[in-house]
>>> print(open('start.cif').read())   # mmCIF, C-alpha atoms
data_work
#
loop_
_atom_site.label_atom_id
_atom_site.label_comp_id
_atom_site.auth_asym_id
_atom_site.auth_seq_id
_atom_site.Cartn_x
_atom_site.Cartn_y
_atom_site.Cartn_z
CA MET A 110 -2.53 -14.96 -8.91
CA LYS A 111 -0.05 -13.92 -11.65
CA ALA A 112 0.10 -17.52 -12.87
CA ARG A 113 -3.70 -17.63 -13.15
CA ALA A 114 -3.73 -14.31 -15.01
CA LEU A 115 -1.08 -15.59 -17.40
CA ALA A 116 -3.00 -18.82 -17.93
CA ALA A 117 -6.12 -16.78 -18.61
CA MET A 118 -4.25 -14.62 -21.13
CA LEU A 119 -3.46 -17.79 -23.08
CA ALA A 120 -6.84 -19.42 -22.51
CA LEU A 121 -8.18 -19.26 -26.06
CA ALA A 122 -5.55 -19.11 -28.77
CA MET A 123 -5.67 -20.20 -32.36
CA LEU A 124 -3.41 -23.15 -33.09
CA ALA A 125 -2.00 -21.49 -36.21
CA GLY A 126 -2.17 -17.92 -34.97
CA ALA A 127 -4.47 -16.45 -37.66
CA SER A 128 -6.58 -14.85 -34.98
CA ALA A 129 -7.13 -15.31 -31.30
CA CYS A 130 -9.62 -14.79 -28.57
CA ALA A 131 -8.20 -14.25 -25.11
CA PRO A 132 -8.84 -12.27 -21.94
CA GLN A 133 -7.88 -8.65 -22.41
CA PRO A 134 -6.46 -5.84 -20.27
CA SER A 135 -8.89 -4.07 -17.98
CA ASP A 136 -8.24 -0.52 -19.29
CA SER A 137 -9.09 -1.32 -22.91
CA LEU A 138 -12.83 -0.78 -22.45
CA ARG A 139 -12.71 2.90 -21.52
CA ASN A 140 -14.20 3.84 -24.94
CA ALA A 141 -16.58 0.88 -25.02
CA LYS A 142 -20.06 1.04 -26.47
CA PRO A 143 -23.11 -0.98 -25.45
CA VAL A 144 -23.68 -4.10 -27.54
CA ARG A 145 -27.07 -4.11 -29.24
CA GLY A 146 -26.26 -6.21 -32.30
CA ASP A 147 -26.08 -9.94 -32.85
CA VAL A 148 -23.15 -11.78 -31.23
CA ALA A 149 -22.97 -15.26 -29.75
CA PHE A 150 -20.42 -17.89 -28.77
CA TYR A 151 -20.96 -21.47 -29.93
CA LEU A 152 -19.13 -24.71 -29.21
CA ALA A 153 -18.00 -26.36 -32.43
CA ALA A 154 -19.98 -29.47 -33.37
CA ASP A 155 -16.82 -31.50 -33.97
CA GLY A 156 -18.03 -35.02 -34.72
CA ASP A 157 -21.58 -34.27 -33.54
CA THR A 158 -23.25 -32.60 -36.51
CA ALA A 159 -26.86 -33.58 -35.73
CA GLY A 160 -28.78 -30.29 -35.78
CA ALA A 161 -25.57 -28.29 -36.23
CA ARG A 162 -25.57 -24.76 -37.66
CA THR A 163 -22.90 -23.70 -40.14
CA PHE A 164 -21.22 -20.29 -40.37
CA PRO A 165 -18.54 -19.04 -42.75
CA VAL A 166 -15.19 -18.31 -41.06
CA LEU A 167 -13.89 -14.76 -41.61
CA ARG A 168 -10.22 -15.66 -42.09
CA PRO A 169 -9.57 -19.38 -41.84
CA TYR A 170 -6.00 -20.21 -40.94
CA PRO A 171 -4.10 -22.61 -43.25
CA GLY A 172 -5.75 -26.02 -43.13
CA GLN A 173 -8.92 -24.71 -41.44
CA PRO A 174 -12.19 -25.16 -43.36
CA ALA A 175 -13.89 -22.03 -44.71
CA GLN A 176 -16.96 -22.90 -42.62
CA VAL A 177 -17.48 -24.08 -39.05
CA ALA A 178 -20.29 -26.34 -37.87
CA VAL A 179 -21.47 -25.41 -34.39
CA LYS A 180 -23.91 -26.82 -31.87
CA PRO A 181 -27.40 -25.36 -32.42
CA VAL A 182 -27.64 -23.47 -29.11
CA PRO A 183 -25.10 -20.76 -28.23
CA VAL A 184 -23.24 -21.05 -24.92
CA ILE A 185 -23.10 -17.23 -24.69
CA ALA A 186 -26.06 -15.41 -26.22
CA ARG A 187 -26.52 -11.90 -27.51
CA GLY A 188 -27.76 -10.37 -24.24
CA GLN A 189 -24.77 -11.69 -22.30
CA VAL A 190 -22.24 -9.49 -24.15
CA ALA A 191 -22.53 -6.00 -22.69
CA LEU A 192 -19.76 -3.81 -24.17
CA VAL A 193 -17.47 -3.67 -27.22
CA ALA A 194 -14.44 -1.50 -27.95
CA LEU A 195 -11.96 -1.27 -30.81
CA SER A 196 -8.40 -1.89 -29.69
CA VAL A 197 -4.97 -2.98 -30.85
CA ASP A 198 -3.45 -6.27 -29.72
CA GLU A 199 0.12 -6.93 -28.58
CA SER A 200 1.30 -7.49 -32.18
CA GLY A 201 -0.19 -4.22 -33.43
CA GLN A 202 -3.21 -5.77 -35.15
CA SER A 203 -6.74 -4.50 -34.77
CA ALA A 204 -8.92 -6.24 -32.22
CA LEU A 205 -12.31 -6.09 -30.54
CA ASP A 206 -12.54 -6.12 -26.76
CA LEU A 207 -15.72 -7.55 -25.28
CA GLN A 208 -17.12 -7.29 -21.76
CA LEU A 209 -19.73 -9.85 -20.77
CA THR A 210 -22.49 -9.34 -18.24
CA GLU A 211 -21.99 -11.03 -14.87
CA PRO A 212 -24.17 -14.04 -15.86
CA GLY A 213 -22.31 -14.19 -19.18
CA ALA A 214 -18.93 -14.07 -17.42
CA GLN A 215 -19.95 -16.89 -15.10
CA ARG A 216 -21.23 -18.95 -18.02
CA LEU A 217 -18.05 -18.38 -20.07
CA ALA A 218 -15.88 -19.42 -17.11
CA GLN A 219 -17.92 -22.62 -16.71
CA VAL A 220 -17.99 -23.42 -20.44
CA THR A 221 -14.26 -22.88 -20.90
CA ARG A 222 -13.44 -24.84 -17.72
CA ASP A 223 -15.62 -27.78 -18.84
CA ASN A 224 -14.56 -27.83 -22.51
CA VAL A 225 -10.77 -27.57 -22.57
CA GLY A 226 -9.47 -28.83 -25.92
CA LYS A 227 -12.73 -28.13 -27.74
CA ARG A 228 -13.25 -25.30 -30.20
CA LEU A 229 -15.33 -22.18 -29.55
CA ALA A 230 -16.63 -19.89 -32.31
CA VAL A 231 -17.38 -16.19 -31.80
CA VAL A 232 -20.14 -15.33 -34.29
CA VAL A 233 -21.08 -11.76 -35.21
CA GLY A 234 -24.19 -11.57 -37.36
CA ALA A 235 -23.77 -14.60 -39.61
CA MET A 236 -19.94 -14.70 -39.67
CA ALA A 237 -17.58 -16.65 -37.38
CA VAL A 238 -15.00 -13.94 -36.68
CA ASN A 239 -12.94 -16.31 -34.56
CA VAL A 240 -12.71 -20.07 -34.02
CA ALA A 241 -10.32 -20.93 -31.21
CA THR A 242 -9.34 -23.99 -29.22
CA ILE A 243 -10.15 -23.62 -25.53
CA GLN A 244 -6.88 -23.87 -23.60
CA GLY A 245 -8.29 -23.22 -20.11
CA GLU A 246 -10.88 -21.38 -18.08
CA ILE A 247 -11.50 -17.74 -18.95
CA PRO A 248 -12.58 -15.95 -15.78
CA GLY A 249 -13.73 -12.35 -15.46
CA GLY A 250 -15.83 -11.97 -18.59
CA ARG A 251 -13.41 -9.83 -20.61
CA LEU A 252 -12.21 -11.06 -23.99
CA ARG A 253 -10.14 -9.81 -26.89
CA VAL A 254 -10.83 -11.05 -30.42
CA SER A 255 -7.61 -10.29 -32.27
CA GLY A 256 -6.07 -10.93 -35.66
CA LEU A 257 -8.54 -8.65 -37.45
CA ASN A 258 -7.68 -5.99 -39.97
CA MET A 259 -8.89 -2.46 -39.20
CA ALA A 260 -11.74 -2.52 -41.74
CA ASP A 261 -13.09 -5.80 -40.34
CA ALA A 262 -12.74 -4.65 -36.72
CA GLU A 263 -14.59 -1.40 -37.47
CA ALA A 264 -17.32 -3.20 -39.44
CA PHE A 265 -17.91 -5.74 -36.68
CA GLU A 266 -17.92 -3.04 -34.01
CA ARG A 267 -20.57 -1.12 -36.00
CA GLU A 268 -22.61 -4.29 -36.40
CA LEU A 269 -22.44 -4.93 -32.66
CA VAL A 270 -23.57 -1.47 -31.56
CA VAL A 271 -26.50 -1.13 -33.97
CA ALA A 272 -29.81 -2.37 -32.56
CA LYS A 273 -31.34 -5.18 -34.60
#
>>> encode(input="start.cif", output="structure tokens")
Amino acid sequence: MKARALAAMLALAMLAGASACAPQPSDSLRNAKPVRGDVAFYLAADGDTAGARTFPVLRPYPGQPAQVAVKPVPVIARGQVALVALSVDESGQSALDLQLTEPGAQRLAQVTRDNVGKRLAVVVGAMAVNVATIQGEIPGGRLRVSGLNMADAEAFERELVVAK
């Protein structure tokens, strides 16, 4: 079980380390707020740009384009992300912890299991806050989007908790 937890911790990591999206510790959501704003997860449209949507990337890592083309339909939609909390990652940077609904958690596990090696974008509003390569299945429905500065983390948290 520890090996699976460790594999899950590394499941989505940026190749260059600018930001990451990975499962997060269970106690980090104690100050979580309900998500009412616009958030979705999209598979990148790498090589398949027919009908693709394009979003600017918050902080592209070196060599990454400033925009990401994604498939037109999100794999995780707004109503499948239940809670958000500000947190600090292992390196001391600001982060957002997300808890998905049970259907969202099941869908994320399936999508990450079936798309290892492909890229996944976490989009808040009209901004890709994270674009990560799927390294393995992410079970449990809890994620941490890290590599954010405090101002960005606070702004995205506010955007996620405000009803739109």
>>> residues_around(input="start.cif", residues="Ala218 of chain A", least_positions_apart="4", cutoff="7 Å", atoms="only C-alpha atoms", output="list in words")
Ala214, Arg222, Glu246, Ile247 and Pro248 of chain A
>>> closest_residue(input="start.cif", among="A:Ser255, A:Gln208, A:Thr158, A:Gln219", to="Gln189 of chain A", atoms="all atoms listed in the file")
A:Gln208
>>> atom_distance(input="start.cif", atom1="atom CA of Asp223 of chain A", atom2="atom CA of Val184 of chain A")
11.8 Å
>>> resolve_selection(input="start.cif", expression="the PyMOL selection byres ((chain A and resi 224-230) around 7)", output="JSON list (two decimals) with C-alpha atoms, in the frame of the given file")
[["chain", "number", "residue", "atom", "x", "y", "z"],
["A", 150, "PHE", "CA", -20.42, -17.89, -28.77],
["A", 151, "TYR", "CA", -20.96, -21.47, -29.93],
["A", 152, "LEU", "CA", -19.13, -24.71, -29.21],
["A", 153, "ALA", "CA", -18.00, -26.36, -32.43],
["A", 220, "VAL", "CA", -17.99, -23.42, -20.44],
["A", 221, "THR", "CA", -14.26, -22.88, -20.90],
["A", 222, "ARG", "CA", -13.44, -24.84, -17.72],
["A", 223, "ASP", "CA", -15.62, -27.78, -18.84],
["A", 231, "VAL", "CA", -17.38, -16.19, -31.80],
["A", 232, "VAL", "CA", -20.14, -15.33, -34.29],
["A", 237, "ALA", "CA", -17.58, -16.65, -37.38],
["A", 239, "ASN", "CA", -12.94, -16.31, -34.56],
["A", 240, "VAL", "CA", -12.71, -20.07, -34.02],
["A", 241, "ALA", "CA", -10.32, -20.93, -31.21],
["A", 242, "THR", "CA", -9.34, -23.99, -29.22],
["A", 243, "ILE", "CA", -10.15, -23.62, -25.53],
["A", 244, "GLN", "CA", -6.88, -23.87, -23.60],
["A", 245, "GLY", "CA", -8.29, -23.22, -20.11]]
>>> resolve_selection(input="start.cif", expression="the PyMOL selection byres ((chain A and resi 202) around 12)", output="ChimeraX atom specification")
/A:127-129,195-201,203-205,253-262
>>> atom_distance(input="start.cif", atom1="atom CA of Gln215 of chain A", atom2="atom CA of Val148 of chain A")
17.2 Å
>>> residues_near_point(input="start.cif", point="(-21.8, -6.4, -39.4)", cutoff="10 Å", atoms="all atoms listed in the file", output="VMD selection string")
chain A and resid 146 to 148 233 to 236 261 to 271
>>> atom_distance(input="start.cif", atom1="atom CA of Ala161 of chain A", atom2="atom CA of Lys180 of chain A")
4.9 Å
>>> residues_around(input="start.cif", residues="Val190 of chain A", least_positions_apart="2", cutoff="8 Å", atoms="all atoms listed in the file", output="MDAnalysis selection string")
chainID A and resid 144 148 185:188 192 207:210 213
>>> residues_around(input="start.cif", residues="Val193 of chain A", least_positions_apart="5", cutoff="6 Å", atoms="only C-alpha atoms", output="list in words")
Ala141, Lys142, Asp206 and Leu207 of chain A
>>> decode(input="start.cif", residues="segment 220-231 of chain A", atoms="all heavy atoms", output="short mmCIF file (atom, residue, chain, number, x, y, z; two decimals), in the first residue's frame")
data_model
loop_
_atom_site.label_atom_id
_atom_site.label_comp_id
_atom_site.auth_asym_id
_atom_site.auth_seq_id
_atom_site.Cartn_x
_atom_site.Cartn_y
_atom_site.Cartn_z
N VAL A 220 -9.18 8.25 -15.99
CA VAL A 220 -8.50 9.06 -17.00
C VAL A 220 -6.99 8.98 -16.83
O VAL A 220 -6.25 8.83 -17.81
CB VAL A 220 -8.99 10.53 -16.94
CG1 VAL A 220 -8.06 11.46 -17.71
CG2 VAL A 220 -10.41 10.63 -17.47
N THR A 221 -6.50 9.06 -15.60
CA THR A 221 -5.06 9.02 -15.40
C THR A 221 -4.50 7.61 -15.66
O THR A 221 -3.40 7.47 -16.18
CB THR A 221 -4.67 9.52 -14.00
OG1 THR A 221 -5.40 8.80 -13.00
CG2 THR A 221 -4.93 11.01 -13.86
N ARG A 222 -5.27 6.59 -15.33
CA ARG A 222 -4.85 5.21 -15.61
C ARG A 222 -4.76 4.97 -17.12
O ARG A 222 -3.82 4.34 -17.61
CB ARG A 222 -5.85 4.23 -14.97
CG ARG A 222 -5.54 2.77 -15.17
CD ARG A 222 -6.52 1.85 -14.41
NE ARG A 222 -7.90 2.13 -14.75
CZ ARG A 222 -8.81 2.63 -13.89
NH1 ARG A 222 -8.49 2.90 -12.65
NH2 ARG A 222 -10.05 2.84 -14.28
N ASP A 223 -5.72 5.50 -17.87
CA ASP A 223 -5.80 5.25 -19.31
C ASP A 223 -4.95 6.19 -20.16
O ASP A 223 -4.86 6.00 -21.38
CB ASP A 223 -7.26 5.37 -19.78
CG ASP A 223 -8.17 4.30 -19.19
OD1 ASP A 223 -7.65 3.31 -18.63
OD2 ASP A 223 -9.40 4.46 -19.29
N ASN A 224 -4.36 7.22 -19.57
CA ASN A 224 -3.65 8.23 -20.36
C ASN A 224 -2.24 8.53 -19.85
O ASN A 224 -1.76 9.66 -19.97
CB ASN A 224 -4.48 9.52 -20.41
CG ASN A 224 -5.73 9.33 -21.23
OD1 ASN A 224 -5.67 9.34 -22.45
ND2 ASN A 224 -6.87 9.14 -20.57
N VAL A 225 -1.58 7.53 -19.29
CA VAL A 225 -0.21 7.70 -18.82
C VAL A 225 0.66 8.21 -19.98
O VAL A 225 0.56 7.72 -21.10
CB VAL A 225 0.35 6.39 -18.24
CG1 VAL A 225 1.84 6.50 -17.94
CG2 VAL A 225 -0.42 6.00 -16.98
N GLY A 226 1.47 9.22 -19.69
CA GLY A 226 2.35 9.81 -20.69
C GLY A 226 1.74 10.98 -21.43
O GLY A 226 2.44 11.72 -22.11
N LYS A 227 0.43 11.18 -21.29
CA LYS A 227 -0.23 12.31 -21.92
C LYS A 227 -0.27 13.47 -20.94
O LYS A 227 -0.07 13.30 -19.74
CB LYS A 227 -1.63 11.92 -22.38
CG LYS A 227 -1.59 10.86 -23.47
CD LYS A 227 -2.96 10.50 -23.95
CE LYS A 227 -2.84 9.41 -25.02
NZ LYS A 227 -4.14 8.87 -25.37
N ARG A 228 -0.56 14.66 -21.45
CA ARG A 228 -0.60 15.84 -20.59
C ARG A 228 -2.02 16.17 -20.18
O ARG A 228 -2.97 15.97 -20.95
CB ARG A 228 0.03 17.03 -21.29
CG ARG A 228 1.52 16.83 -21.55
CD ARG A 228 2.21 17.99 -22.21
NE ARG A 228 1.47 18.46 -23.37
CZ ARG A 228 1.31 19.75 -23.69
NH1 ARG A 228 1.82 20.70 -22.93
NH2 ARG A 228 0.64 20.10 -24.77
N LEU A 229 -2.17 16.68 -18.97
CA LEU A 229 -3.45 17.08 -18.41
C LEU A 229 -3.34 18.52 -17.95
O LEU A 229 -2.37 18.88 -17.26
CB LEU A 229 -3.80 16.17 -17.22
CG LEU A 229 -5.16 16.36 -16.57
CD1 LEU A 229 -6.27 15.87 -17.51
CD2 LEU A 229 -5.22 15.58 -15.26
N ALA A 230 -4.30 19.35 -18.32
CA ALA A 230 -4.30 20.76 -17.92
C ALA A 230 -5.40 21.00 -16.90
O ALA A 230 -6.54 20.55 -17.07
CB ALA A 230 -4.54 21.65 -19.15
N VAL A 231 -5.06 21.69 -15.81
CA VAL A 231 -6.04 22.14 -14.82
C VAL A 231 -6.33 23.59 -15.16
O VAL A 231 -5.44 24.44 -15.12
CB VAL A 231 -5.50 22.01 -13.38
CG1 VAL A 231 -6.53 22.54 -12.38
CG2 VAL A 231 -5.13 20.57 -13.07
#
